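Containing PDB, C-alpha atoms: input-v2.pdb.
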ATOM      1  CA  GLN A   1       0.000   0.000   0.000
ATOM      2  CA  PRO A   2       1.557   3.327  -0.976
ATOM      3  CA  ILE A   3       2.294   5.696   1.871
ATOM      4  CA  GLY A   4       4.101   8.493   0.024
ATOM      5  CA  VAL A   5       7.747   9.455  -0.106
ATOM      6  CA  VAL A   6      10.223   7.028   1.482
ATOM      7  CA  GLY A   7      13.605   8.231   2.730
ATOM      8  CA  ALA A   8      16.148   5.394   2.431
ATOM      9  CA  ILE A   9      19.495   5.799   4.170
ATOM     10  CA  THR A  10      21.950   3.073   3.189
ATOM     11  CA  PRO A  11      25.343   1.902   4.503
ATOM     12  CA  TRP A  12      28.636   1.518   2.673
ATOM     13  CA  ASN A  13      28.731  -2.276   2.722
ATOM     14  CA  PHE A  14      26.879  -4.044  -0.088
ATOM     15  CA  PRO A  15      25.579  -0.702  -1.369
ATOM     16  CA  LEU A  16      23.645  -1.995  -4.381
ATOM     17  CA  ALA A  17      21.997  -4.770  -2.387
ATOM     18  CA  MET A  18      21.017  -2.373   0.391
ATOM     19  CA  ILE A  19      19.582   0.147  -2.064
ATOM     20  CA  THR A  20      17.561  -2.435  -3.977
ATOM     21  CA  ARG A  21      16.226  -4.010  -0.765
ATOM     22  CA  LYS A  22      14.797  -0.654   0.240
ATOM     23  CA  VAL A  23      13.849   0.829  -3.120
ATOM     24  CA  GLY A  24      12.258  -2.210  -4.789
ATOM     25  CA  PRO A  25       9.384  -2.728  -2.338
ATOM     26  CA  ALA A  26       8.721   1.011  -2.069
ATOM     27  CA  LEU A  27       8.482   1.468  -5.843
ATOM     28  CA  ALA A  28       6.406  -1.701  -6.182
ATOM     29  CA  CYS A  29       3.885  -0.204  -3.735
ATOM     30  CA  GLY A  30       3.712   3.048  -5.655
ATOM     31  CA  CYS A  31       5.921   5.165  -3.407
ATOM     32  CA  THR A  32       8.645   7.521  -4.537
ATOM     33  CA  VAL A  33      12.039   7.166  -2.868
ATOM     34  CA  VAL A  34      14.819   9.504  -1.825
ATOM     35  CA  VAL A  35      18.039   7.518  -1.318
ATOM     36  CA  LYS A  36      20.818   8.925   0.838
ATOM     37  CA  PRO A  37      23.760   6.557   0.221
ATOM     38  CA  SER A  38      26.878   6.304   2.303
ATOM     39  CA  GLU A  39      29.400   8.984   1.493
ATOM     40  CA  PHE A  40      31.788   6.105   0.665
ATOM     41  CA  THR A  41      29.561   4.628  -2.072
ATOM     42  CA  PRO A  42      27.689   7.445  -3.827
ATOM     43  CA  LEU A  43      28.512   6.234  -7.336
ATOM     44  CA  THR A  44      26.718   2.940  -6.728
ATOM     45  CA  ALA A  45      23.543   4.852  -5.874
ATOM     46  CA  LEU A  46      23.855   7.014  -8.972
ATOM     47  CA  ALA A  47      24.401   3.931 -11.132
ATOM     48  CA  ALA A  48      21.339   2.251  -9.567
ATOM     49  CA  ALA A  49      19.233   5.326 -10.308
ATOM     50  CA  ASP A  50      20.468   5.354 -13.905
ATOM     51  CA  LEU A  51      19.661   1.649 -14.303
ATOM     52  CA  ALA A  52      16.202   2.282 -12.871
ATOM     53  CA  LEU A  53      15.572   4.911 -15.554
ATOM     54  CA  GLN A  54      16.835   2.553 -18.250
ATOM     55  CA  ALA A  55      14.481  -0.136 -16.909
ATOM     56  CA  GLY A  56      11.497   2.191 -17.264
ATOM     57  CA  ILE A  57      11.092   3.555 -13.747
ATOM     58  CA  PRO A  58       9.655   7.058 -14.258
ATOM     59  CA  ALA A  59      11.943  10.030 -13.705
ATOM     60  CA  GLY A  60      11.456  11.392 -10.195
ATOM     61  CA  ALA A  61      10.322   8.085  -8.714
ATOM     62  CA  LEU A  62      13.852   7.309  -7.515
ATOM     63  CA  ASN A  63      15.991  10.194  -6.322
ATOM     64  CA  VAL A  64      19.519  10.261  -4.900
ATOM     65  CA  VAL A  65      20.833  12.937  -2.539
ATOM     66  CA  MET A  66      24.451  13.187  -1.459
ATOM     67  CA  GLY A  67      26.225  15.385   1.003
ATOM     68  CA  ASN A  68      26.394  15.959   4.729
ATOM     69  CA  ALA A  69      24.717  12.923   6.302
ATOM     70  CA  PRO A  70      23.391  14.594   9.475
ATOM     71  CA  GLU A  71      21.968  17.533   7.511
ATOM     72  CA  ILE A  72      20.273  15.256   4.974
ATOM     73  CA  GLY A  73      18.954  13.041   7.762
ATOM     74  CA  ASP A  74      17.513  16.074   9.531
ATOM     75  CA  GLU A  75      15.813  17.258   6.330
ATOM     76  CA  LEU A  76      14.301  13.827   5.707
ATOM     77  CA  MET A  77      13.020  13.615   9.290
ATOM     78  CA  GLN A  78      11.595  17.141   9.354
ATOM     79  CA  SER A  79       9.898  16.945   5.964
ATOM     80  CA  THR A  80       6.160  16.391   6.117
ATOM     81  CA  GLN A  81       6.328  14.951   2.584
ATOM     82  CA  VAL A  82       8.558  12.070   3.678
ATOM     83  CA  ARG A  83       6.226   9.525   5.285
ATOM     84  CA  LYS A  84       8.693   6.716   5.999
ATOM     85  CA  ILE A  85      12.362   6.381   6.913
ATOM     86  CA  THR A  86      14.234   3.143   6.304
ATOM     87  CA  PHE A  87      17.788   2.828   7.603
ATOM     88  CA  THR A  88      20.487   0.202   7.894
ATOM     89  CA  GLY A  89      23.404   1.044  10.146
ATOM     90  CA  SER A  90      24.417   1.781  13.691
ATOM     91  CA  THR A  91      22.107   1.671  16.672
ATOM     92  CA  ALA A  92      23.152   5.190  17.699
ATOM     93  CA  VAL A  93      22.100   6.706  14.360
ATOM     94  CA  GLY A  94      18.950   4.567  14.289
ATOM     95  CA  LYS A  95      17.898   5.992  17.654
ATOM     96  CA  LYS A  96      18.394   9.538  16.364
ATOM     97  CA  LEU A  97      16.353   8.811  13.247
ATOM     98  CA  MET A  98      13.546   7.237  15.248
ATOM     99  CA  ALA A  99      13.407  10.131  17.698
ATOM    100  CA  GLY A 100      13.591  12.715  14.919
ATOM    101  CA  SER A 101      10.858  11.004  12.937
ATOM    102  CA  ALA A 102       8.422  11.180  15.831
ATOM    103  CA  ASN A 103       7.629  14.873  15.290
ATOM    104  CA  THR A 104       6.089  14.151  11.884
ATOM    105  CA  VAL A 105       4.829  10.666  12.864
ATOM    106  CA  LYS A 106       6.742   8.786  10.175
ATOM    107  CA  LYS A 107       6.817   5.039   9.756
ATOM    108  CA  VAL A 108      10.328   3.835  10.556
ATOM    109  CA  SER A 109      12.121   0.625   9.535
ATOM    110  CA  LEU A 110      15.501   0.067  11.138
ATOM    111  CA  GLU A 111      18.112  -2.660  10.689
ATOM    112  CA  LEU A 112      20.598  -1.913  13.431
ATOM    113  CA  GLY A 113      23.681  -3.148  15.145
ATOM    114  CA  GLY A 114      24.933  -6.004  13.019
ATOM    115  CA  ASN A 115      24.500  -8.694  15.628
ATOM    116  CA  ALA A 116      23.329 -11.535  13.413
ATOM    117  CA  PRO A 117      23.584 -15.092  14.732
ATOM    118  CA  CYS A 118      24.865 -18.063  12.780
ATOM    119  CA  ILE A 119      22.294 -20.702  13.723
ATOM    120  CA  VAL A 120      23.480 -24.314  13.480
ATOM    121  CA  PHE A 121      20.898 -27.072  13.857
ATOM    122  CA  ASP A 122      21.749 -30.549  15.080
ATOM    123  CA  ASP A 123      21.296 -32.071  11.597
ATOM    124  CA  ALA A 124      23.744 -29.616   9.976
ATOM    125  CA  ASP A 125      26.981 -30.596   8.281
ATOM    126  CA  ILE A 126      29.268 -29.406  11.082
ATOM    127  CA  ASP A 127      32.364 -29.078   8.875
ATOM    128  CA  VAL A 128      30.461 -26.802   6.483
ATOM    129  CA  ALA A 129      29.003 -24.780   9.381
ATOM    130  CA  VAL A 130      32.408 -24.288  11.017
ATOM    131  CA  LYS A 131      34.183 -23.386   7.781
ATOM    132  CA  GLY A 132      31.371 -21.084   6.671
ATOM    133  CA  SER A 133      31.015 -19.192   9.929
ATOM    134  CA  VAL A 134      34.761 -18.704  10.363
ATOM    135  CA  SER A 135      35.674 -17.917   6.748
ATOM    136  CA  LYS A 136      32.906 -15.354   6.172
ATOM    137  CA  ASN A 137      33.823 -13.410   9.281
ATOM    138  CA  LEU A 138      37.515 -13.477   8.421
ATOM    139  CA  LEU A 139      36.800 -12.473   4.823
ATOM    140  CA  PHE A 140      34.759  -9.432   5.822
ATOM    141  CA  LEU A 141      36.452  -8.864   9.205
ATOM    142  CA  THR A 142      32.980  -8.829  10.825
ATOM    143  CA  SER A 143      32.241  -5.499   9.126
ATOM    144  CA  THR A 144      28.945  -6.653   7.695
ATOM    145  CA  THR A 145      25.591  -7.204   9.303
ATOM    146  CA  ILE A 146      24.722 -10.367   7.417
ATOM    147  CA  PHE A 147      27.413 -12.738   8.670
ATOM    148  CA  GLY A 148      27.071 -14.232  12.106
ATOM    149  CA  SER A 149      28.821 -12.466  14.939
ATOM    150  CA  ARG A 150      27.889 -15.341  17.257
ATOM    151  CA  ILE A 151      26.870 -18.958  16.922
ATOM    152  CA  SER A 152      23.619 -20.316  18.349
ATOM    153  CA  THR A 153      23.147 -24.058  18.602
ATOM    154  CA  ASN A 154      22.151 -26.825  21.002
ATOM    155  CA  ILE A 155      24.625 -28.206  23.568
ATOM    156  CA  HIS A 156      25.445 -31.380  21.617
ATOM    157  CA  THR A 157      26.212 -29.500  18.395
ATOM    158  CA  LYS A 158      28.160 -26.894  20.402
ATOM    159  CA  LYS A 159      30.502 -29.584  21.732
ATOM    160  CA  ILE A 160      31.108 -30.961  18.237
ATOM    161  CA  MET A 161      31.752 -27.487  16.802
ATOM    162  CA  ILE A 162      34.158 -26.553  19.590
ATOM    163  CA  SER A 163      36.009 -29.802  19.052
ATOM    164  CA  SER A 164      36.158 -29.120  15.289
ATOM    165  CA  LEU A 165      37.690 -25.726  16.022
ATOM    166  CA  GLY A 166      40.309 -27.354  18.265
ATOM    167  CA  GLY A 167      38.859 -25.892  21.440
ATOM    168  CA  ASP A 168      38.184 -27.285  24.886
ATOM    169  CA  GLU A 169      34.464 -27.319  25.670
ATOM    170  CA  HIS A 170      35.139 -26.632  29.363
ATOM    171  CA  HIS A 171      36.725 -23.267  28.542
ATOM    172  CA  ASN A 172      34.170 -22.011  26.015
TER     173      ASN A 172
END
Could the structure of this file be written out as structure tokens, please?
Amino acid sequence: QPIGVVGAITPWNFPLAMITRKVGPALACGCTVVVKPSEFTPLTALAAADLALQAGIPAGALNVVMGNAPEIGDELMQSTQVRKITFTGSTAVGKKLMAGSANTVKKVSLELGGNAPCIVFDDADIDVAVKGSVSKNLLFLTSTTIFGSRISTNIHTKKIMISSLGGDEHHN
């Protein structure tokens, strides 16, 4: 259901994926979108907007603004035309956006903190789970929100995983 203009504030990591995850549903519902990309990845946002035009999205339906992040955030929050804010990033900034959006009673969607679990069930291939959880975090140095920053499992699987990692279950 369209609600109006959506302000989408995206992080530097996986910029195209983050933009499309926010923009696609909004456009599909009939909303226009103002994207404020990370200052580290503005060209990705501009390329996405250009591709959207080439794909037939009407001019003005997807807009990109770049510049001072706090100033742009304040403008998006204070605008009565912006009816929703969607943000992926830190908890501290998310709190500011939520508080600032209250004055104009905006809908707010926040993906905060990057504390995703790697969930391993007892029927999992433990070698794959161990290699996957360790290698992804080493590859991205835990700087993404989509790779597990902790492992959740049952006690039996925990013992097997700790053993596979060369650890002592009594010290973990």
Expected selection from the PyMOL selection byres ((chain A and resi 96) around 12), given as a ChimeraX atom specification | /A:70,73-74,77,85,87,89-95,97-102,108,110
Keeping C-alpha atoms, export the residues of the selection given above as a compact mmCIF listing (two decimals), in the frame of the given file.
# COMPACT_ATOMS: atom_id res chain seq x y z
CA PRO A 70 23.39 14.59 9.48
CA GLY A 73 18.95 13.04 7.76
CA ASP A 74 17.51 16.07 9.53
CA MET A 77 13.02 13.62 9.29
CA ILE A 85 12.36 6.38 6.91
CA PHE A 87 17.79 2.83 7.60
CA GLY A 89 23.40 1.04 10.15
CA SER A 90 24.42 1.78 13.69
CA THR A 91 22.11 1.67 16.67
CA ALA A 92 23.15 5.19 17.70
CA VAL A 93 22.10 6.71 14.36
CA GLY A 94 18.95 4.57 14.29
CA LYS A 95 17.90 5.99 17.65
CA LEU A 97 16.35 8.81 13.25
CA MET A 98 13.55 7.24 15.25
CA ALA A 99 13.41 10.13 17.70
CA GLY A 100 13.59 12.72 14.92
CA SER A 101 10.86 11.00 12.94
CA ALA A 102 8.42 11.18 15.83
CA VAL A 108 10.33 3.84 10.56
CA LEU A 110 15.50 0.07 11.14
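Ranking A:Leu112, A:Ile119, A:Ile155, A:Val6 by their shortest atom-to-atom distance to A:Gln81, with all atoms listed in the file included, puts A:Val6 first.
Going from atom CA of A:Gly166 over to atom CA of A:Val120, you cover 17.8 Å.
Take atom CA of A:Ala8 and atom CA of A:Asn103: the distance between them is 18.1 Å.
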Residues matched by the PyMOL selection byres ((chain A and resi 46) around 10), written as a ChimeraX atom specification = /A:35,37,41-45,47-52,63-66
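Between A:Thr86 and the candidates A:Lys131, A:Arg150, A:Lys158, A:Lys106, the tightest atom-to-atom separation, counting all atoms listed in the file, involves A:Lys106.
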Non-local contacts of A:Asn154 (12 Å; all atoms listed in the file; under 4 positions in same chain excluded) as an MDAnalysis selection string | chainID A and resid 119:124 158:161
Interatomic distance between atom CA of A:Leu27 and atom CA of A:Thr104?
-> 21.9 Å
Given the PyMOL selection byres ((chain A and resi 12-25) around 6), the residues it picks as JSON, numbers by chain | {"A": [11, 26, 27, 28, 38, 40, 41]}
Extending 5 Å beyond the listed atoms of stretch 87-103 of chain A on each side, what axis-aligned box results? I want centre and edge lengths in Å to one decimal, as lines of an AutoDock Vina configuration file.
center_x = 16.0
center_y = 7.5
center_z = 12.7
size_x = 26.8
size_y = 24.7
size_z = 20.1
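The smallest atom-to-atom distance between A:Ser133 and any of A:Leu165, A:Gly7, A:Glu111, A:Thr157, using all atoms listed in the file, is found for A:Leu165.
Among the candidate residues A:Gln54, A:Ser163, A:Asn68, A:Thr10, the one lying nearest to A:Thr88 is A:Thr10, with distances computed using only C-alpha atoms.
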Go through A:Glu39, A:Ala129, A:Val105, A:Thr80 and flag the residue nearest A:Ile9, using only C-alpha atoms for the distances.
-> A:Glu39
